[in-house]
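Colleague: The following file, entry21.cif, comprises mmCIF, C-alpha atoms:
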```cif
data_work
loop_
_atom_site.label_atom_id
_atom_site.label_comp_id
_atom_site.auth_asym_id
_atom_site.auth_seq_id
_atom_site.Cartn_x
_atom_site.Cartn_y
_atom_site.Cartn_z
CA GLY L 1121 60.83 55.63 -33.05
CA HIS L 1122 61.69 52.19 -31.83
CA ARG L 1123 65.45 52.63 -32.24
CA GLU L 1124 65.36 55.71 -30.05
CA GLN L 1125 63.32 53.89 -27.38
CA PHE L 1126 65.76 50.99 -27.35
CA ALA L 1127 68.76 53.35 -27.29
CA LYS L 1128 67.20 55.22 -24.35
CA ALA L 1129 66.50 51.97 -22.46
CA LEU L 1130 70.07 50.78 -23.09
CA ASP L 1131 71.51 54.15 -22.04
CA GLU L 1132 69.48 54.18 -18.80
CA GLY L 1133 70.57 50.60 -18.16
CA MET L 1134 74.24 51.51 -18.64
CA ARG L 1135 74.07 54.65 -16.50
CA PHE L 1136 71.71 53.58 -13.72
CA GLY L 1137 71.62 49.78 -13.84
CA LYS L 1138 67.93 49.87 -14.87
CA SER L 1139 66.47 46.82 -16.59
CA TRP L 1140 64.51 46.95 -19.81
CA ASP L 1141 61.75 44.83 -21.32
CA MET L 1142 60.53 45.84 -24.76
CA THR L 1143 59.23 44.52 -28.06
CA TYR L 1144 60.08 46.36 -31.26
CA PRO L 1145 60.09 45.80 -35.01
CA PHE L 1146 63.30 45.51 -37.03
CA ARG L 1147 64.19 44.94 -40.66
CA ARG L 1148 65.92 41.65 -41.47
CA LEU L 1149 68.74 41.45 -44.00
CA ASP L 1150 66.27 40.16 -46.61
CA GLY L 1151 64.15 43.31 -46.10
CA THR L 1152 61.25 41.68 -44.23
CA ILE L 1153 59.96 43.16 -40.99
CA ALA L 1154 60.32 41.03 -37.87
CA PHE L 1155 59.77 41.62 -34.16
CA SER L 1156 62.19 41.23 -31.30
CA HIS L 1157 61.50 41.00 -27.58
CA THR L 1158 64.45 42.10 -25.49
CA VAL L 1159 64.85 41.81 -21.74
CA GLY L 1160 68.07 42.95 -20.15
CA ARG L 1161 69.97 44.70 -17.40
CA ALA L 1162 73.39 46.25 -17.06
CA VAL L 1163 75.54 45.18 -14.15
CA LEU L 1164 77.45 48.11 -12.62
CA ASP L 1165 80.53 47.99 -10.40
CA ASP L 1166 80.91 49.88 -7.11
CA ARG L 1167 81.69 53.11 -8.99
CA GLY L 1168 78.58 52.81 -11.22
CA VAL L 1169 80.57 51.76 -14.28
CA PRO L 1170 78.89 49.09 -16.46
CA VAL L 1171 80.91 45.88 -16.38
CA ARG L 1172 78.57 43.54 -18.26
CA LEU L 1173 75.11 43.20 -19.75
CA HIS L 1174 72.70 40.38 -19.00
CA GLY L 1175 69.84 39.86 -21.37
CA VAL L 1176 67.82 37.81 -23.78
CA VAL L 1177 66.73 38.70 -27.29
CA GLN L 1178 63.93 36.62 -28.72
CA ASP L 1179 62.34 36.64 -32.19
CA VAL L 1180 58.61 37.09 -31.52
CA THR L 1181 57.55 37.75 -35.11
CA ARG L 1182 55.11 34.84 -35.17
CA GLU L 1183 53.49 35.89 -31.89
CA GLU L 1184 53.17 39.52 -33.03
CA SER L 1185 51.67 38.37 -36.33
CA LEU L 1186 49.15 36.22 -34.46
CA LYS L 1187 48.28 39.16 -32.17
CA HIS L 1188 47.76 41.36 -35.23
CA ASP L 1189 45.58 38.71 -36.94
CA LEU L 1190 43.57 38.23 -33.75
CA SER L 1191 43.05 41.98 -33.44
CA ARG L 1192 41.86 42.19 -37.05
CA ALA L 1193 39.53 39.21 -36.54
CA LYS L 1194 38.14 40.83 -33.38
CA ASP L 1195 37.54 44.11 -35.22
CA ALA L 1196 35.80 42.24 -38.05
CA ALA L 1197 33.63 40.30 -35.59
CA GLU L 1198 32.64 43.50 -33.80
CA ALA L 1199 31.77 45.16 -37.12
CA ALA L 1200 29.72 42.12 -38.13
CA ASN L 1201 27.94 42.21 -34.78
CA ARG L 1202 27.10 45.91 -35.23
CA ALA L 1203 25.84 45.20 -38.76
CA LYS L 1204 23.72 42.32 -37.43
CA ASP L 1205 22.23 44.54 -34.72
CA PHE L 1206 21.42 47.25 -37.30
CA PHE L 1207 19.93 44.62 -39.63
CA LEU L 1208 17.74 43.18 -36.84
CA ALA L 1209 16.56 46.63 -35.76
CA THR L 1210 15.67 47.52 -39.35
CA LEU L 1211 14.02 44.15 -39.94
CA SER L 1212 11.96 44.48 -36.75
CA HIS L 1213 10.74 47.90 -37.85
CA GLU L 1214 9.94 46.68 -41.36
CA LEU L 1215 8.03 43.66 -40.05
CA LYS L 1216 6.14 45.73 -37.49
CA SER L 1217 4.84 48.33 -39.98
CA PRO L 1218 2.56 45.98 -41.94
CA LEU L 1219 1.57 44.17 -38.76
CA THR L 1220 0.42 47.43 -37.18
CA ALA L 1221 -1.88 48.15 -40.13
CA ILE L 1222 -3.24 44.57 -40.07
CA LEU L 1223 -3.97 44.76 -36.34
CA LEU L 1224 -5.59 48.20 -36.59
CA TRP L 1225 -7.97 47.28 -39.41
CA SER L 1226 -8.81 43.85 -37.94
CA GLN L 1227 -9.67 45.47 -34.58
CA LEU L 1228 -11.94 47.97 -36.33
CA MET L 1229 -13.60 45.09 -38.20
CA ASN L 1230 -14.12 43.14 -34.95
CA ARG L 1231 -15.85 46.12 -33.34
CA GLY L 1232 -18.27 46.32 -36.24
CA ALA L 1233 -17.47 50.02 -36.57
CA LEU L 1234 -16.91 50.02 -40.34
CA THR L 1235 -19.28 50.89 -43.15
CA PRO L 1236 -19.40 48.43 -46.06
CA GLU L 1237 -17.08 50.73 -48.07
CA ARG L 1238 -14.59 50.99 -45.19
CA MET L 1239 -14.86 47.20 -44.72
CA GLN L 1240 -13.63 46.74 -48.30
CA THR L 1241 -10.78 49.19 -47.60
CA ALA L 1242 -9.93 47.24 -44.44
CA ILE L 1243 -9.87 43.89 -46.24
CA ARG L 1244 -7.77 45.31 -49.10
CA THR L 1245 -5.35 46.98 -46.64
CA ILE L 1246 -5.02 43.82 -44.54
CA GLU L 1247 -4.31 41.76 -47.66
CA GLU L 1248 -1.75 44.25 -49.02
CA ASN L 1249 0.07 44.43 -45.69
CA ALA L 1250 -0.02 40.65 -45.21
CA LEU L 1251 1.51 40.26 -48.69
CA ALA L 1252 4.15 42.89 -47.87
CA GLN L 1253 5.01 41.12 -44.63
CA ASN L 1254 5.13 37.77 -46.45
CA GLN L 1255 7.58 39.28 -48.97
CA LEU L 1256 9.75 40.62 -46.13
CA ILE L 1257 9.84 37.16 -44.54
CA ASN L 1258 10.72 35.56 -47.90
CA ASP L 1259 13.51 38.12 -48.35
CA LEU L 1260 14.77 37.32 -44.86
CA LEU L 1261 14.76 33.60 -45.67
CA ASP L 1262 16.69 34.36 -48.88
CA VAL L 1263 19.30 36.27 -46.86
CA SER L 1264 19.53 33.31 -44.50
CA ARG L 1265 20.02 30.94 -47.46
CA ILE L 1266 22.71 33.23 -48.92
CA VAL L 1267 24.57 33.39 -45.60
CA SER L 1268 24.39 29.61 -45.14
CA GLY L 1269 25.36 28.97 -48.79
CA LYS L 1270 22.06 27.20 -49.55
CA LEU L 1271 20.62 29.66 -52.06
CA VAL L 1272 20.46 28.16 -55.54
CA LEU L 1273 20.46 30.60 -58.44
CA GLU L 1274 19.00 29.52 -61.75
CA ASN L 1275 20.31 31.17 -64.90
CA HIS L 1276 17.88 31.76 -67.78
CA LEU L 1277 18.15 33.68 -71.00
CA VAL L 1278 15.61 36.47 -71.09
CA GLU L 1279 14.49 38.97 -73.67
CA ILE L 1280 15.58 42.35 -72.30
CA ARG L 1281 12.64 44.16 -73.92
CA GLU L 1282 10.22 41.99 -71.93
CA CYS L 1283 12.00 42.84 -68.67
CA LEU L 1284 12.02 46.55 -69.43
CA ALA L 1285 8.35 46.53 -70.39
CA LYS L 1286 7.31 45.29 -66.94
#
```
Could you take the file, read its structure, and then write that structure out as structure tokens?
Modeller:
Amino acid sequence: GHREQFAKALDEGMRFGKSWDMTYPFRRLDGTIAFSHTVGRAVLDDRGVPVRLHGVVQDVTREESLKHDLSRAKDAAEAANRAKDFFLATLSHELKSPLTAILLWSQLMNRGALTPERMQTAIRTIEENALAQNQLINDLLDVSRIVSGKLVLENHLVEIRECLAK
């Protein structure tokens, strides 16, 4: 783990005069986890024997915590963006389905190619699909109100048998 990495960096510094620059977690005396950033180098004499260490150890717990929070926020934003894209794709499909039927039947009506019976079917189908599309748009507006915190819910006592009978 991290202890081994630091021990290896220190060993290489003592044997070869290599510098190190690393950040690693450690447990404080109170048991909490903190982060340290250490930069250092061993100074060797002419025979390659370490005579002193130069270095800085800095507590970077706050910075590491902020990095972690930023990473989590970025992941959440990306997930929300993917959900939004999926929602918009689904919504587009749902809105297009009734519109396709409305356009098809209205074009047939404009051409005068429908019998009186088919004309009634066309009118009924156009109305049903327009109502379905209107409901989709109302649902979308409700979602928008929920997201913006502007949806007002009204509580009413109801007779459960009446609800189940519908």
Colleague: Evaluate the PyMOL selection byres ((chain L and resi 1246-1251) around 12) here and jot the selected residues down as a PyMOL selection string.
Modeller: chain L and resi 1214-1229+1238-1245+1252-1258
Colleague: Measure the distance from CA of Lys1138 (chain L) to CA of Ile1153 (chain L) in Å and round it to one decimal.
Modeller: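 Computing the Euclidean distance for CA of Lys1138 (chain L) and CA of Ile1153 (chain L) yields 28.1 Å.
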Colleague: With distances taken over all atoms listed in the file, which of L:Phe1155, L:Gly1121, L:Ala1199, L:Val1272 is nearest to Ser1185 (chain L)?
Modeller: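 Among L:Phe1155, L:Gly1121, L:Ala1199, L:Val1272, it is L:Phe1155 that comes nearest to Ser1185 (chain L).
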Colleague: Which is closer to Val1263 (chain L) than all the others in L:Val1278, L:Ala1162, L:Leu1149, L:Leu1211, using all atoms listed in the file?
Modeller: L:Leu1211
Colleague: For the structure shown, which residues end up in the PyMOL selection byres ((chain L and resi 1176) around 8)? Put them as a count of residues only, please?
Modeller: 7
Colleague: With a distance cut-off of 9 Å and only C-alpha atoms, select the neighbouring residues of Pro1145 (chain L), excluding the residue or stretch itself and same-chain residues fewer than 5 positions from it, and output the selection as a PyMOL selection string.
Modeller: chain L and resi 1122+1153-1157+1181
Colleague: Quick check, in Å to one decimal: how far apart do CA of Gly1137 (chain L) and CA of Arg1123 (chain L) lie?
Modeller: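 Between CA of Gly1137 (chain L) and CA of Arg1123 (chain L) the gap works out to 19.6 Å.
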Colleague: What does the structure give for the distance between CA of Leu1164 (chain L) and CA of Arg1135 (chain L), in Å to one decimal?
Modeller: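 Calculated distance between CA of Leu1164 (chain L) and CA of Arg1135 (chain L) is 8.3 Å.
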Colleague: Pick the closest to Leu1173 (chain L) from L:Ser1139, L:Thr1152, L:Ser1191, L:Ser1212: which is it, counting only C-alpha atoms?
Modeller: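 Ranking L:Ser1139, L:Thr1152, L:Ser1191, L:Ser1212 by distance to Leu1173 (chain L), first place goes to L:Ser1139.
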Colleague: For this structure, which residues satisfy the selection - the PyMOL selection byres ((chain L and resi 1129) around 9) - when it is evaluated on the file as given? I want them as a PyMOL selection string.
Modeller: chain L and resi 1124-1128+1130-1134+1138-1142
